[in-house]
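Asks: Right, I'll just put the structure down here and ask away after.
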Amino acid sequence: QVQLVESGGGLVQAGGSLRLSCAASGTIFRFSDMGWYRQAPGKQRELVATLTSGGSTNYADSVKGRFTISRDNAKNTVHLQMNSLKPEDTSVYYCNLKWGPSDYWGQGTQVTVSS
């Protein structure tokens with residue numbers, strides 16, 4: 001069983017930055033594809049960014065050029081650097097780990113961007 005613990009959320013003004021982190025337990029992290037998703041009230045959960053075990057990245061169009069996903073396999077951690085934040089980025093952000101047929105989620109961290 002894998003546990004994912006997110007941190008780094010909070011309240012920030014528009015134009016500011018936040019860095020989210022997600023720490024994973026277990027030994028499969030380096031073999032896993034990692035991702036960040038977000039869900040705003042009344043909306044479906046949506047992909048923000050993914051980073052495969054091989055290093056390939058994918059970003060939602062709405063965050064390209066502003067957000068960067070990275071990982072530290074030695075620390076079983078994935079990060080999401082968020083710059084130039086906008087009020088529409090306000091959501092609960094979830095960390096995701098995929099390994100084979102297994103799919104794990106963190107508990108989420110709130111990001112609120114004030115205008």
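Going through the structure tokens in order, the chains are called A, B, and so on, while each chain numbers its residues from 1 and the ligands are numbered from 1 in the order shown.
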What's around Ser17 of chain A at 10 Å? Count only C-alpha atoms, leave out sequence neighbours fewer than 2 positions away in its own chain, and write the answer as a list of chain:residue names.

Replies: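 The contact residues come out as A:Leu11, A:Val12, A:Gln13, A:Ala14, A:Gly15, A:Arg19, A:Arg66, A:Phe67, A:Gln81, A:Met82, A:Asn83, A:Ser84, A:Leu85, A:Lys86, A:Val113.
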
Asks: Convert the current residue selection to file output with N, CA and C atoms, as an mmCIF file, in the first residue's frame.

Replies:
```cif
data_model
loop_
_atom_site.group_PDB
_atom_site.id
_atom_site.type_symbol
_atom_site.label_atom_id
_atom_site.label_comp_id
_atom_site.auth_asym_id
_atom_site.auth_seq_id
_atom_site.Cartn_x
_atom_site.Cartn_y
_atom_site.Cartn_z
ATOM 1 N N LEU A 11 -2.787 30.281 0.949
ATOM 2 C CA LEU A 11 -3.407 31.461 0.359
ATOM 3 C C LEU A 11 -2.324 32.361 -0.214
ATOM 4 N N VAL A 12 -2.506 32.787 -1.454
ATOM 5 C CA VAL A 12 -1.518 33.640 -2.110
ATOM 6 C C VAL A 12 -2.252 34.648 -2.985
ATOM 7 N N GLN A 13 -1.647 35.796 -3.182
ATOM 8 C CA GLN A 13 -2.229 36.799 -4.063
ATOM 9 C C GLN A 13 -1.962 36.452 -5.516
ATOM 10 N N ALA A 14 -2.821 36.930 -6.383
ATOM 11 C CA ALA A 14 -2.626 36.728 -7.817
ATOM 12 C C ALA A 14 -1.242 37.242 -8.222
ATOM 13 N N GLY A 15 -0.578 36.450 -9.073
ATOM 14 C CA GLY A 15 0.772 36.778 -9.490
ATOM 15 C C GLY A 15 1.849 36.149 -8.631
ATOM 16 N N ARG A 19 4.790 26.335 -3.962
ATOM 17 C CA ARG A 19 5.408 25.065 -4.343
ATOM 18 C C ARG A 19 4.754 23.950 -3.554
ATOM 19 N N ARG A 66 3.644 28.263 -16.736
ATOM 20 C CA ARG A 66 3.540 28.817 -15.380
ATOM 21 C C ARG A 66 3.867 27.773 -14.299
ATOM 22 N N PHE A 67 3.521 26.529 -14.548
ATOM 23 C CA PHE A 67 3.732 25.457 -13.570
ATOM 24 C C PHE A 67 4.833 24.516 -14.071
ATOM 25 N N GLN A 81 5.849 23.347 -8.880
ATOM 26 C CA GLN A 81 6.160 24.763 -8.722
ATOM 27 C C GLN A 81 5.127 25.552 -9.515
ATOM 28 N N MET A 82 4.423 26.432 -8.838
ATOM 29 C CA MET A 82 3.348 27.198 -9.470
ATOM 30 C C MET A 82 3.690 28.677 -9.400
ATOM 31 N N ASN A 83 3.884 29.281 -10.552
ATOM 32 C CA ASN A 83 4.212 30.697 -10.654
ATOM 33 C C ASN A 83 3.089 31.448 -11.361
ATOM 34 N N SER A 84 3.097 32.751 -11.220
ATOM 35 C CA SER A 84 2.096 33.611 -11.877
ATOM 36 C C SER A 84 0.686 33.085 -11.625
ATOM 37 N N LEU A 85 0.404 32.806 -10.391
ATOM 38 C CA LEU A 85 -0.888 32.209 -10.049
ATOM 39 C C LEU A 85 -2.044 33.153 -10.333
ATOM 40 N N LYS A 86 -3.162 32.559 -10.728
ATOM 41 C CA LYS A 86 -4.369 33.300 -11.072
ATOM 42 C C LYS A 86 -5.517 32.845 -10.162
ATOM 43 N N VAL A 113 -6.123 31.481 -4.463
ATOM 44 C CA VAL A 113 -5.461 32.632 -5.061
ATOM 45 C C VAL A 113 -6.441 33.799 -5.027
#
```

Asks: Counting only C-alpha atoms, which of A:Thr50, A:Ser102, A:Gln44, A:Gln39 gets nearest to Leu80 of chain A?

Replies: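 Once distances to Leu80 of chain A are computed over only C-alpha atoms, the minimum belongs to A:Thr50.
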
Asks: Which value, in Å to one decimal, gives the distance between atom CA of Pro41 of chain A and atom CA of Asn76 of chain A?

Replies: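 If I compute the distance from atom CA of Pro41 of chain A to atom CA of Asn76 of chain A, I get 29.8 Å.
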
Asks: Give me the residues near Gly8 of chain A as an MDAnalysis selection string, where near means some atom within 12 Å (using only C-alpha atoms) and where sequence neighbours in that chain fewer than 3 positions away do not count.

Replies: chainID A and resid 5 11:12 17:23 78:82 92:95 108:112

Asks: Generate a file of the selected residues that holds N, CA and C atoms, formatted as a compact mmCIF listing (two decimals), in the first residue's frame.

Replies:
```
# COMPACT_ATOMS: atom_id res chain seq x y z
N VAL A 5 1.32 12.04 0.76
CA VAL A 5 1.02 13.16 1.65
C VAL A 5 1.45 14.45 0.97
N LEU A 11 -2.79 30.28 0.95
CA LEU A 11 -3.41 31.46 0.36
C LEU A 11 -2.32 32.36 -0.21
N VAL A 12 -2.51 32.79 -1.45
CA VAL A 12 -1.52 33.64 -2.11
C VAL A 12 -2.25 34.65 -2.98
N SER A 17 3.51 32.90 -6.09
CA SER A 17 3.99 31.55 -6.33
C SER A 17 3.76 30.66 -5.11
N LEU A 18 3.60 29.38 -5.39
CA LEU A 18 3.55 28.36 -4.35
C LEU A 18 4.27 27.12 -4.89
N ARG A 19 4.79 26.34 -3.96
CA ARG A 19 5.41 25.07 -4.34
C ARG A 19 4.75 23.95 -3.55
N LEU A 20 4.09 23.06 -4.27
CA LEU A 20 3.47 21.91 -3.64
C LEU A 20 4.45 20.74 -3.63
N SER A 21 4.37 19.94 -2.58
CA SER A 21 5.18 18.73 -2.49
C SER A 21 4.30 17.55 -2.15
N CYS A 22 4.72 16.39 -2.60
CA CYS A 22 3.99 15.16 -2.31
C CYS A 22 5.03 14.08 -1.98
N ALA A 23 4.95 13.56 -0.77
CA ALA A 23 5.86 12.52 -0.33
C ALA A 23 5.16 11.17 -0.38
N VAL A 78 7.54 14.32 -5.22
CA VAL A 78 7.24 15.04 -6.44
C VAL A 78 6.78 16.44 -6.06
N HIS A 79 7.18 17.41 -6.87
CA HIS A 79 6.86 18.81 -6.59
C HIS A 79 6.08 19.42 -7.73
N LEU A 80 5.34 20.47 -7.40
CA LEU A 80 4.69 21.28 -8.42
C LEU A 80 4.99 22.74 -8.10
N GLN A 81 5.85 23.35 -8.88
CA GLN A 81 6.16 24.76 -8.72
C GLN A 81 5.13 25.55 -9.52
N MET A 82 4.42 26.43 -8.84
CA MET A 82 3.35 27.20 -9.47
C MET A 82 3.69 28.68 -9.40
N VAL A 92 -8.57 22.44 -4.83
CA VAL A 92 -7.85 21.45 -4.04
C VAL A 92 -6.96 20.67 -5.01
N TYR A 93 -5.68 20.60 -4.68
CA TYR A 93 -4.71 19.92 -5.54
C TYR A 93 -4.38 18.55 -4.97
N TYR A 94 -4.44 17.55 -5.83
CA TYR A 94 -4.23 16.16 -5.42
C TYR A 94 -3.00 15.58 -6.13
N CYS A 95 -2.24 14.83 -5.38
CA CYS A 95 -1.10 14.08 -5.91
C CYS A 95 -1.60 12.69 -6.32
N GLY A 108 -5.16 15.66 -0.66
CA GLY A 108 -5.40 16.97 -1.24
C GLY A 108 -4.90 18.11 -0.38
N THR A 109 -4.52 19.19 -1.03
CA THR A 109 -4.10 20.40 -0.34
C THR A 109 -4.76 21.60 -1.02
N GLN A 110 -5.29 22.51 -0.22
CA GLN A 110 -6.04 23.64 -0.75
C GLN A 110 -5.09 24.74 -1.21
N VAL A 111 -5.34 25.24 -2.41
CA VAL A 111 -4.65 26.41 -2.93
C VAL A 111 -5.71 27.46 -3.22
N THR A 112 -5.54 28.63 -2.62
CA THR A 112 -6.47 29.73 -2.83
C THR A 112 -5.70 30.94 -3.32
```

Asks: To test your reading of the structure, identify every residue in chain A that backbone DSSP assigns to strand (DSSP E), and report it as number ranges by chain.

Replies: A: 4-7, 10-13, 18-24, 33-39, 46-51, 57-59, 67-72, 77-82, 91-99, 102-105, 109-114

Asks: Which value, in Å to one decimal, gives the distance between atom CA of Gly26 of chain A and atom CA of Gly10 of chain A?

Replies: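 Result for atom CA of Gly26 of chain A versus atom CA of Gly10 of chain A: 27.1 Å, one decimal.
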
Asks: Please measure the separation of atom CA of Thr90 of chain A and atom CA of Ala40 of chain A, giving the value in Å to one decimal.

Replies: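 Here the two named atoms are 6.8 Å from each other.
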
Asks: Skip Val48 of chain A itself and residues of its chain fewer than 3 positions away, then list as an MDAnalysis selection string all residues within 7 Å of it, counting only C-alpha atoms.

Replies: chainID A and resid 36:38 59:60

Asks: Give me, as a list of chain:residue names, all polymer residues having an atom no more than 7 Å from Met34 of chain A, counting only C-alpha atoms and skipping those fewer than 4 positions away in the same chain.

Replies: A:Thr50, A:Leu51, A:Thr52, A:Asn96, A:Leu97, A:Lys98

Asks: Of the candidates A:Ser32, A:Gln107, A:Ser115, A:Thr27, which shows the shortest atom-to-atom distance to Arg71 of chain A, using only C-alpha atoms?

Replies: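 Of all the options, A:Ser32 lies closest to Arg71 of chain A.
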
Asks: For Asp89 of chain A, which residue among A:Gly35, A:Gly55, A:Gly9, A:Gly106 is the nearest when counting only C-alpha atoms?

Replies: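 Looking only at the distances to Asp89 of chain A, the closest residue turns out to be A:Gly9.
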